[in-house]
$ cat upload.tsv   # TSV, C-alpha atoms
chain	number	residue	atom	x	y	z
A	8	MET	CA	0.00	0.00	0.00
A	9	ALA	CA	2.84	2.37	0.78
A	10	ASP	CA	4.11	1.82	-2.74
A	11	GLU	CA	1.26	3.65	-4.41
A	12	THR	CA	1.35	6.68	-2.19
A	13	GLU	CA	5.10	7.19	-2.51
A	14	SER	CA	5.43	7.54	-6.23
A	15	PRO	CA	2.74	8.74	-8.63
A	16	ALA	CA	4.50	6.71	-11.28
A	17	ALA	CA	3.26	3.64	-9.45
A	18	ASP	CA	-0.24	4.29	-10.80
A	19	ALA	CA	1.08	3.77	-14.27
A	20	ALA	CA	2.92	0.73	-12.99
A	21	THR	CA	-0.27	-0.98	-11.85
A	22	ALA	CA	-1.67	-0.57	-15.32
A	23	GLU	CA	1.31	-2.51	-16.66
A	24	PRO	CA	1.20	-5.75	-14.77
A	25	ASP	CA	4.77	-6.85	-15.28
A	26	VAL	CA	6.60	-3.74	-14.25
A	27	ALA	CA	7.53	-3.56	-10.57
A	28	PRO	CA	6.89	-0.25	-8.79
A	29	ALA	CA	9.44	2.53	-9.31
A	30	ALA	CA	12.97	2.42	-7.90
A	31	PRO	CA	12.54	4.17	-4.49
A	32	THR	CA	10.62	1.16	-3.12
A	33	PRO	CA	13.31	-1.38	-2.33
A	34	ALA	CA	11.18	-3.63	-0.16
A	35	THR	CA	8.94	-4.80	-2.98
A	36	PRO	CA	9.96	-8.14	-4.43
A	37	ALA	CA	9.64	-8.66	-8.13
A	38	TYR	CA	7.25	-11.58	-7.83
A	39	VAL	CA	4.51	-11.29	-5.27
A	40	PRO	CA	2.53	-14.46	-4.61
A	41	SER	CA	-1.14	-14.63	-3.83
A	42	SER	CA	-1.40	-11.19	-2.20
A	43	ARG	CA	-2.02	-9.74	-5.62
A	44	GLY	CA	-4.08	-12.28	-7.48
A	45	PRO	CA	-4.67	-12.15	-11.20
A	46	SER	CA	-7.84	-10.11	-10.70
A	47	SER	CA	-5.97	-7.03	-9.57
A	48	HIS	CA	-3.87	-6.85	-12.67
A	49	GLY	CA	-6.37	-7.44	-15.39
A	50	PRO	CA	-5.47	-10.12	-17.91
A	51	ARG	CA	-3.15	-12.86	-16.76
A	52	THR	CA	0.21	-12.22	-18.30
A	53	GLY	CA	3.15	-14.55	-18.35
A	54	ARG	CA	4.35	-14.21	-14.81
A	55	PRO	CA	6.88	-16.76	-13.60
A	56	ALA	CA	4.88	-19.89	-12.96
A	57	GLY	CA	7.34	-21.34	-10.52
A	58	GLY	CA	5.69	-23.35	-7.82
A	59	PRO	CA	2.31	-25.02	-7.62
A	60	GLY	CA	-0.82	-23.74	-9.18
A	61	GLY	CA	1.00	-21.82	-11.83
A	62	ARG	CA	-1.45	-23.10	-14.38
A	63	GLU	CA	-4.45	-21.55	-12.73
A	64	GLY	CA	-2.90	-18.10	-12.53
A	65	GLY	CA	-1.62	-18.53	-8.99
A	66	ARG	CA	-5.02	-18.59	-7.36
A	67	LYS	CA	-4.92	-22.08	-5.88
A	68	TYR	CA	-1.81	-23.12	-4.17
A	69	PHE	CA	-1.50	-26.74	-3.37
A	70	ARG	CA	-3.81	-29.11	-5.08
A	71	ARG	CA	-3.92	-32.47	-3.36
A	72	LYS	CA	-1.63	-34.87	-5.10
A	73	LYS	CA	-3.61	-36.94	-7.55
A	74	VAL	CA	-2.10	-40.25	-8.49
A	75	CYS	CA	-2.64	-42.06	-11.71
A	76	LYS	CA	-4.98	-44.92	-11.00
A	77	PHE	CA	-3.39	-47.08	-13.66
A	78	CYS	CA	0.13	-46.54	-12.43
A	79	VAL	CA	-0.85	-47.46	-8.90
A	80	GLU	CA	-2.57	-50.67	-9.90
A	81	LYS	CA	0.10	-51.38	-12.53
A	82	ILE	CA	-2.40	-51.81	-15.31
A	83	GLN	CA	-0.55	-51.71	-18.59
A	84	ALA	CA	-3.16	-52.41	-21.20
A	85	ILE	CA	-6.48	-50.67	-21.16
A	86	ASP	CA	-9.07	-52.82	-22.84
A	87	TYR	CA	-11.86	-51.25	-24.85
A	88	LYS	CA	-14.17	-54.05	-23.77
A	89	ASP	CA	-13.92	-53.04	-20.14
A	90	PHE	CA	-16.56	-50.36	-20.43
A	91	ARG	CA	-17.23	-50.22	-16.69
A	92	LEU	CA	-13.69	-49.05	-16.09
A	93	LEU	CA	-13.81	-46.71	-19.04
A	94	SER	CA	-17.09	-45.12	-18.00
A	95	GLN	CA	-15.37	-43.80	-14.87
A	96	PHE	CA	-13.37	-41.48	-17.11
A	97	VAL	CA	-16.28	-40.34	-19.18
A	98	ALA	CA	-18.57	-37.49	-18.19
A	99	GLU	CA	-22.36	-37.54	-18.14
A	100	SER	CA	-22.45	-36.04	-21.58
A	101	GLY	CA	-20.20	-38.78	-22.92
A	102	LYS	CA	-17.13	-36.54	-23.18
A	103	ILE	CA	-13.72	-37.82	-22.13
A	104	VAL	CA	-12.69	-36.20	-18.86
A	105	PRO	CA	-9.41	-34.25	-19.05
A	106	ARG	CA	-6.50	-35.69	-17.16
A	107	ARG	CA	-6.07	-32.71	-14.90
A	108	LEU	CA	-9.34	-33.69	-13.26
A	109	THR	CA	-8.76	-37.41	-13.05
A	110	GLY	CA	-5.03	-37.36	-12.32
A	111	VAL	CA	-4.13	-39.90	-14.96
A	112	CYS	CA	-0.61	-39.74	-16.31
A	113	THR	CA	-0.02	-38.87	-19.94
A	114	PRO	CA	0.79	-42.28	-21.50
A	115	HIS	CA	-2.15	-43.86	-19.76
A	116	GLN	CA	-4.42	-41.02	-20.78
A	117	ARG	CA	-3.49	-41.58	-24.39
A	118	ARG	CA	-4.26	-45.29	-24.17
A	119	LEU	CA	-7.44	-44.58	-22.29
A	120	SER	CA	-8.52	-42.14	-24.95
A	121	THR	CA	-7.91	-44.69	-27.71
A	122	ALA	CA	-9.82	-47.34	-25.78
A	123	ILE	CA	-12.77	-45.01	-25.22
A	124	LYS	CA	-12.90	-44.16	-28.89
A	125	GLN	CA	-12.82	-47.84	-29.81
A	126	ALA	CA	-15.61	-48.55	-27.34
A	127	ARG	CA	-17.64	-45.74	-28.83
A	128	ASN	CA	-17.27	-47.24	-32.27
A	129	ILE	CA	-18.63	-50.58	-31.13
A	130	ALA	CA	-21.56	-48.98	-29.27
A	131	LEU	CA	-20.36	-49.81	-25.78
A	132	LEU	CA	-20.10	-46.14	-24.92
A	133	PRO	CA	-22.13	-43.32	-26.39
A	134	PHE	CA	-20.67	-40.62	-28.56
A	135	GLY	CA	-22.82	-37.97	-27.00
A	136	GLY	CA	-25.59	-38.52	-24.54
A	137	ARG	CA	-27.67	-35.99	-22.69
A	138	ALA	CA	-25.39	-32.99	-22.47
B	4	MET	CA	1.27	-64.44	-37.53
B	5	ARG	CA	-0.72	-61.57	-36.20
B	6	THR	CA	-3.40	-61.78	-33.59
B	7	TYR	CA	-6.59	-59.81	-34.03
B	8	GLU	CA	-9.75	-59.39	-32.05
B	9	VAL	CA	-12.86	-58.98	-34.12
B	10	MET	CA	-15.92	-57.88	-32.26
B	11	PHE	CA	-19.17	-57.64	-34.10
B	12	ILE	CA	-22.78	-57.00	-33.26
B	13	VAL	CA	-25.56	-59.10	-34.66
B	14	ARG	CA	-29.17	-57.97	-34.79
B	15	PRO	CA	-31.07	-59.19	-31.73
B	16	ASP	CA	-33.95	-60.83	-33.56
B	17	MET	CA	-31.68	-63.36	-35.19
B	18	ALA	CA	-32.27	-67.00	-34.31
B	19	ASP	CA	-29.58	-68.92	-32.47
B	20	GLU	CA	-29.15	-71.57	-35.11
B	21	ASP	CA	-28.70	-68.95	-37.79
B	22	LEU	CA	-26.03	-67.43	-35.62
B	23	GLU	CA	-24.25	-70.76	-35.32
B	24	LYS	CA	-24.42	-71.22	-39.06
B	25	LEU	CA	-22.96	-67.79	-39.59
B	26	LEU	CA	-20.13	-68.44	-37.16
B	27	SER	CA	-19.20	-71.75	-38.73
B	28	THR	CA	-19.24	-70.13	-42.16
B	29	LEU	CA	-16.88	-67.46	-40.94
B	30	GLU	CA	-14.60	-70.02	-39.32
B	31	THR	CA	-14.28	-72.09	-42.45
B	32	GLN	CA	-13.67	-68.98	-44.44
B	33	VAL	CA	-10.89	-67.87	-42.12
B	34	SER	CA	-9.18	-71.27	-42.24
B	35	ALA	CA	-9.46	-71.27	-46.00
B	36	ALA	CA	-7.63	-67.96	-46.09
B	37	GLY	CA	-4.86	-69.37	-43.91
B	38	GLY	CA	-5.81	-68.23	-40.44
B	39	THR	CA	-7.02	-69.87	-37.28
B	40	VAL	CA	-9.88	-68.89	-35.03
B	41	LYS	CA	-8.52	-69.12	-31.53
B	42	ASN	CA	-11.60	-68.29	-29.57
B	43	VAL	CA	-15.24	-67.46	-30.03
B	44	GLU	CA	-16.99	-65.68	-27.24
B	45	ARG	CA	-20.64	-64.89	-27.25
B	46	MET	CA	-21.11	-61.94	-24.98
B	47	GLY	CA	-24.86	-61.98	-25.03
B	48	LYS	CA	-27.47	-59.37	-25.74
B	49	ARG	CA	-26.76	-55.87	-24.60
B	50	ARG	CA	-28.39	-52.54	-24.90
B	51	LEU	CA	-26.50	-50.43	-27.39
B	52	ALA	CA	-25.23	-47.02	-26.40
B	53	TYR	CA	-26.86	-45.50	-29.49
B	54	THR	CA	-29.20	-46.62	-32.23
B	55	VAL	CA	-27.54	-48.62	-34.98
B	56	ARG	CA	-29.66	-49.21	-38.07
B	57	LYS	CA	-32.75	-48.64	-35.96
B	58	PHE	CA	-31.81	-51.32	-33.42
B	59	HIS	CA	-31.52	-50.58	-29.72
B	60	ASP	CA	-30.14	-53.96	-28.65
B	61	GLY	CA	-27.67	-56.33	-30.14
B	62	ALA	CA	-25.88	-59.60	-29.58
B	63	TYR	CA	-22.12	-59.16	-29.19
B	64	ILE	CA	-19.68	-61.72	-30.46
B	65	LEU	CA	-15.93	-61.67	-30.03
B	66	LEU	CA	-13.59	-63.63	-32.25
B	67	THR	CA	-9.91	-63.99	-31.62
B	68	VAL	CA	-8.25	-64.73	-34.90
B	69	GLU	CA	-4.65	-65.45	-35.70
B	70	GLY	CA	-3.61	-64.93	-39.24
B	71	ALA	CA	-2.14	-62.69	-41.85
B	72	GLY	CA	-3.66	-59.41	-42.86
B	73	ALA	CA	-5.25	-60.89	-45.94
B	74	ALA	CA	-7.33	-63.32	-43.88
B	75	ILE	CA	-8.69	-60.48	-41.79
B	76	HIS	CA	-9.36	-58.40	-44.86
B	77	GLU	CA	-11.44	-61.22	-46.28
B	78	LEU	CA	-13.27	-61.72	-43.01
B	79	GLU	CA	-14.13	-58.06	-42.78
B	80	ARG	CA	-15.41	-58.02	-46.32
B	81	ARG	CA	-17.61	-60.97	-45.50
B	82	LEU	CA	-18.93	-59.26	-42.37
B	83	ARG	CA	-19.70	-56.08	-44.23
B	84	VAL	CA	-21.82	-58.00	-46.69
B	85	THR	CA	-23.63	-60.18	-44.17
B	86	GLU	CA	-27.02	-58.73	-43.47
B	87	PRO	CA	-27.51	-59.58	-39.76
B	88	VAL	CA	-24.16	-58.06	-38.75
B	89	ILE	CA	-24.78	-54.42	-37.98
B	90	LYS	CA	-21.39	-53.30	-36.70
B	91	PHE	CA	-17.89	-54.69	-36.39
B	92	LEU	CA	-14.53	-53.60	-35.05
B	93	THR	CA	-11.13	-55.18	-35.59
B	94	VAL	CA	-8.28	-54.54	-33.23
B	95	ARG	CA	-4.75	-55.84	-33.51
B	96	VAL	CA	-3.59	-57.17	-30.16
B	97	ASP	CA	-0.26	-58.87	-30.64
B	98	GLN	CA	1.85	-55.72	-30.49
B	99	GLU	CA	0.31	-54.62	-27.23
B	100	HIS	CA	0.80	-58.04	-25.65
B	101	ALA	CA	4.37	-58.19	-26.88
B	102	ARG	CA	5.11	-54.83	-25.32
B	103	ILE	CA	3.65	-55.84	-21.98
B	104	ALA	CA	5.53	-59.13	-21.99
B	105	LYS	CA	8.75	-57.28	-22.72
B	106	LEU	CA	8.15	-54.90	-19.82
B	107	LYS	CA	7.54	-57.81	-17.48
B	108	GLU	CA	10.74	-59.46	-18.65
B	109	ARG	CA	12.69	-56.32	-18.02
B	110	ARG	CA	11.30	-55.99	-14.53
B	111	LYS	CA	12.15	-59.48	-13.30
B	112	PRO	CA	15.98	-59.51	-13.52
B	113	ALA	CA	16.14	-56.09	-11.85
B	114	ALA	CA	14.75	-57.58	-8.64
B	115	ALA	CA	17.66	-59.97	-8.01
B	116	PRO	CA	20.68	-57.62	-7.99
B	117	VAL	CA	18.92	-55.10	-5.75
B	118	GLU	CA	18.57	-57.62	-2.97
B	119	THR	CA	22.25	-58.58	-2.91
B	120	VAL	CA	23.35	-54.95	-2.88
B	121	ALA	CA	21.10	-54.19	0.08
B	122	ALA	CA	22.53	-57.11	2.03
B	123	GLY	CA	26.05	-55.82	1.44
B	124	GLU	CA	25.18	-52.34	2.59
B	125	ASP	CA	23.63	-53.57	5.80
B	126	ALA	CA	26.89	-55.18	6.90
B	127	ALA	CA	29.03	-52.06	6.46
B	128	PRO	CA	27.52	-49.57	8.97
B	129	VAL	CA	27.43	-52.23	11.68
B	130	ALA	CA	31.23	-52.04	12.02
B	131	PRO	CA	32.22	-50.35	15.29
B	132	ALA	CA	33.10	-46.68	14.93
$ encode --input "upload.tsv" --output "structure tokens"
Amino acid sequence: MADETESPAADAATAEPDVAPAAPTPATPAYVPSSRGPSSHGPRTGRPAGGPGGREGGRKYFRRKKVCKFCVEKIQAIDYKDFRLLSQFVAESGKIVPRRLTGVCTPHQRRLSTAIKQARNIALLPFGGRA
Amino acid sequence: MRTYEVMFIVRPDMADEDLEKLLSTLETQVSAAGGTVKNVERMGKRRLAYTVRKFHDGAYILLTVEGAGAAIHELERRLRVTEPVIKFLTVRVDQEHARIAKLKERRKPAAAPVETVAAGEDAAPVAPA
């Protein structure tokens, strides 16, 4: 708060999200975590995404660690016939759920996606149900 | 020799004996083309996820066939022409199984050396300081 009152140039600085306040404020670090969320600076620009939650614009900090269900149970092959397993990864509308929600790792998500598409072709899973 | 899984759906109002006739025809046709039918699994009548040719239910059949690509090509052509078959899907399974078998092989020998190394390390810190 003291930053804005000290230098009138700081008003211009808040309009430009990336530029730190003017020189006479030594105490301000270049990267301020959650105290200034993305809402105070307008559009989310490319701030350093170091640390957790960088994807969401720094709003959430620690998301509980999601483990890949297939890696834990050591399932290598995902069968298209196993529609009960596959339907866990499919939304109500029939869409494939993204892996950031289910916590599946990338290679397994690819195989899962192929299996779901095969199951859809053989009418074990719908292409699009009630959206 | 490649292994394929052919799953097809037959219309639900088909009689059982007609189904048996169809399956035996397909089997003879596959052997004639130089393949072998490893397994036939009748998965029963199921409700389809969407309407296929105005049918809401269908009888699922799974064939595991081992043969060259030409045999499968011929089989698919036959299925496409057969009237009671409303949908089919062919998947090649031997590459996936080979990959999994190779991963299992790679995992097994790794277990043995780890145990001997651990035993050696346990002895060392026990020595009096």
$ atom_distance --input "upload.tsv" --atom1 "CA of Leu131 (chain A)" --atom2 "CA of Ile103 (chain B)"
25.0 Å
$ interface_residues --input "upload.tsv" --of "chain B" --to "chain A" --cutoff "9 Å" --atoms "only C-alpha atoms" --output "PyMOL selection string"
chain B and resi 10-12+49-55+90-92+94+99-100+103
$ atom_distance --input "upload.tsv" --atom1 "CA of Glu99 (chain A)" --atom2 "CA of Leu119 (chain A)"
17.0 Å
$ atom_distance --input "upload.tsv" --atom1 "CA of Thr39 (chain B)" --atom2 "CA of Leu78 (chain B)"
11.8 Å
$ residues_around --input "upload.tsv" --residues "Gly38 (chain B)" --least-positions-apart "5" --cutoff "10 Å" --atoms "all atoms listed in the file" --output "list of chain:residue names"
B:Met4, B:Arg5, B:Thr6, B:Glu30, B:Thr31, B:Gln32, B:Val33, B:Val68, B:Glu69, B:Gly70, B:Ala71, B:Gly72, B:Ala73, B:Ala74, B:Ile75
$ residues_around --input "upload.tsv" --residues "Phe96 (chain A)" --least-positions-apart "5" --cutoff "12 Å" --atoms "only C-alpha atoms" --output "ChimeraX atom specification"
/A:76-77,89-91,101-111,115-116,119-120,122-123,132
$ residues_near_point --input "upload.tsv" --point "(-8.9, -64.5, -33.3)" --cutoff "6 Å" --atoms "only C-alpha atoms" --output "list in words"
Tyr7, Glu8, Val40, Lys41, Asn42, Leu66, Thr67, Val68 and Glu69 of chain B
